[in-house]
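*Asks:* After the structure tokens below, expect a handful of questions from me.
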2 protein chains.
Amino acid sequence: MKIASEKTIERLSLYRRLLRVAKGAGQMSVYSHDLAEMVRGTAAQVRRDLMEIGCAGNSKKGYDVDNLIDAISEFLDSDDVTPVALVGVGNLGRALLQFFESHHPKLKIVAVFDNDPEKSGRVIHGCRCYGMSEMPVVVAGKKITVAVLAVPVGAAQNAAKQLEEAGVRGILNFAPEPLRVGPSVAVENMDMTMALEKVAYMARQNNSKENGAK
Amino acid sequence: MKIASEKTIERLSLYRRLLRVAKGAGQMSVYSHDLAEMVRGTAAQVRRDLMEIGCAGNSKKGYDVDNLIDAISEFLDSDDVTPVALVGVGNLGRALLQFFESHHPKLKIVAVFDNDPEKSGRVIHGCRCYGMSEMPVVVAGKKITVAVLAVPVGAAQNAAKQLEEAGVRGILNFAPEPLRVGPSVAVENMDMTMALEKVAYMARQNNSKENGAK
DNA sequence: AAATAACCGTGATTCTTTTCACGTGAGATA
DNA sequence: TATCTCACGTGAAAAGAATCACGGTTATTT
């Protein structure tokens with residue numbers, strides 16, 4: 001399968017979600033400019049993204065919703081369900097567990113890890129909680145390649161290392177701390193502190209623009 | 001104050017956090033390549049980012065840690081504490097509340113909103129919970145310009161609209177749904193579904209690269 | 001059946017972001 | 001004090017991403 005830029009992958013994910021909503025509403029086809037409006041982008045960009053994954057669009061009717069969803073899914077998803085591990089069962093971890101419980105047919109959290117021995121063995125949201133030391137065997141046994149890291153800052157680097165050694169190849173990191181991992185592990189940072197600082201900055205810009213300040 | 005690109009702003013936020021850690025460890029100065037290594041970037045980019053905000057670096061000793069932190073803070077932060085609202089007090093909302101409680105000196109969640117009347121009036125993590133209908137008066141009263149949106153999908157668009165009307169100028173959106181707001185409101189999406197799909201995709205790429213597949 | 005209109009596919013262009021590479025200057029060394 | 005080293009500051013080049021613009025195609029209309 002061809003390779004696409006990260007930006008394109010992000011947008012494809014977004015398109016698919018919106019397409020599913022549209023499908024649920026009974027819509028059979030969409031135009032590139034419809035999708036563009038939904039994601040606040042341009043029609044040309046939507047077409048280009050779809051071109052990347054070799055999609056088929058009809059001149060007059062636009063894109064077939066079902067076809068598009070299938071094409072994006074074939075590109076983004078694995079054939080079978082991807083097992084995911086969650087590390088860290090604090091408030092955030094539980095929220096994520098609940099969030100992903102329902103939201104995705106192809107990505108499933110199948111194990112959670114925490115270093116609190118109190119939690120070991122308990123079942124949270126349908127997931128068995130393991131101690132950190134059990135990681136290698138559980139990850140290998142369940143063929144886990146993707147993990148969500150929701151531990152407190154300070155513990156993240158260590159956990160990432162353990163994940164890497166256990167064979168994980170992608171980490172979604174919620175800790176506000178850059179991870180040092182080898183080149184064969186993809187890291188996506190969800191840095192909430194950074195994000196909030198950024199909106200605060202941009203909100204201030206907007207505000208002073210509005211108030212006529214330079 | 002000059003304007004910088006969004007990417008630069010993100011990196012500045014990251015630099016500052018790492019600099020604070022370095023300062024805590026007693027470090028007095030850093031080189032651009034030190035910072036670069038920490039954020040997995042290049043030295044030239046670090047220098048360029050710092051140049052953007054008009055920083056001073058010394059040829060031989062690199063950058064003074066204290067100076068840099070101050071310079072970045074002056075650029076990113078408002079002079080006084082920025083009051084923030086949180087909308088949605090589910091698991092995620094509570095996790096965010098806890099997360100931001102300690103993590104930031106200049107950004108403070110001062111009010112939470114939820115449409116569950118049960119929660120109205122209660123105090124969660126030191127924050128009074130208000131009903132959605134109280135938003136206009138509370139937001140105006142506390143001069144809130146930034147909000148974190150942690151409501152379930154489906155409720156996000158409506159909440160965003162209310163926030164905008166109440167005067168909010170920046171929204172950090174955790175709902176997997178693009179928001180339609182006016183141009184004077186900055187939106188930053190923390191789309192966990194998209195992020196997880198993306199790492200899963202990239203992990204798969206890494207995996208097949210490793211296994212010799214084309 | 002011909003004309004029309006609307007949208008897709010994509011080469012070319014423009015704009016943004018990153019990297020390169022080199023002159024400059026500050027401290028160390030002898 | 002002269003030289004040497006090393007990192008900063010930054011113009012210029014490269015790479016990457018978004019946009020433009022137009023030929024081609026398909027349904028609809030007359």
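Chain labels run A, B, ... following the order of the structure tokens; each chain numbers its residues from 1, and ligands are numbered from 1 in the order shown.
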With a distance threshold of 8 Å and counting only C-alpha atoms (C1' of nucleotides), extract the residues of chain B near chain D and express them as a PyMOL selection string.

*Replies:* chain B and resi 31+47+51+57-62

*Asks:* I need the helix (DSSP H, G or I) residues of range 6-210 of chain A per DSSP on the backbone, written as number ranges by chain.

*Replies:* A: 6-24, 32-39, 43-52, 65-76, 91-103, 117-119, 132-141, 156-166, 192-210

*Asks:* Just checking: using only C-alpha atoms, which residue out of B:Ile109, B:Val21, B:Val65, B:Leu92 ends up closest to chain A?

*Replies:*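 When distances to chain A are compared using only C-alpha atoms, the smallest one comes from B:Leu92.
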
*Asks:* Write down, as an NGL selection string, each residue of chain B that has any atom within 7 Å of an atom of chain A, counting only C-alpha atoms.

*Replies:* :B and (9-10 or 13-14 or 39 or 76-77 or 91-92 or 95 or 145-146 or 169-172 or 178 or 184-188 or 194-196 or 198-203 or 206-207)

*Asks:* Please extract the residues of chain A with a backbone DSSP assignment of strand (DSSP E or B) and present them as a PyMOL selection string.

*Replies:* chain A and resi 29-30+58+62-64+82-87+107-114+123-124+127-131+146-149+170-173+186-189

*Asks:* For the interface of chain C with chain B (cut-off 10 Å, counting only C-alpha atoms (C1' of nucleotides)), please tabulate each contacting residue of chain C alongside its nearest pair of atoms and their separation in Å to one decimal, rows sorted by chain and increasing number, as CSV.

*Replies:*
residue,atom,partner,partner_atom,distance
C:DT16,C1',B:Ser5,CA,9.4
C:DT17,C1',B:Lys7,CA,8.9
C:DT18,C1',B:Gln45,CA,7.3
C:DT19,C1',B:Ala44,CA,7.5
C:DC20,C1',B:Ala44,CA,9.0
C:DT24,C1',B:Ser59,CA,9.4
C:DG25,C1',B:Ser59,CA,6.7
C:DA26,C1',B:Ser59,CA,5.6
C:DG27,C1',B:Lys60,CA,6.3
C:DA28,C1',B:Lys60,CA,9.8

*Asks:* I need the chosen residues saved as an mmCIF file, in the first residue's frame, with C-alpha atoms (C1' of nucleotides).

*Replies:*
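Okay, result_1.cif is ready:
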data_model
loop_
_atom_site.group_PDB
_atom_site.id
_atom_site.type_symbol
_atom_site.label_atom_id
_atom_site.label_comp_id
_atom_site.auth_asym_id
_atom_site.auth_seq_id
_atom_site.Cartn_x
_atom_site.Cartn_y
_atom_site.Cartn_z
ATOM 1 C "C1'" DT C 16 4.908 27.775 4.404
ATOM 2 C "C1'" DT C 17 8.238 25.428 7.066
ATOM 3 C "C1'" DT C 18 12.610 23.333 7.595
ATOM 4 C "C1'" DT C 19 17.337 22.792 6.747
ATOM 5 C "C1'" DC C 20 21.816 24.317 5.164
ATOM 6 C "C1'" DT C 24 30.433 36.830 13.526
ATOM 7 C "C1'" DG C 25 31.749 37.178 18.121
ATOM 8 C "C1'" DA C 26 32.764 35.527 22.816
ATOM 9 C "C1'" DG C 27 35.535 33.014 25.721
ATOM 10 C "C1'" DA C 28 39.469 29.813 26.298
#
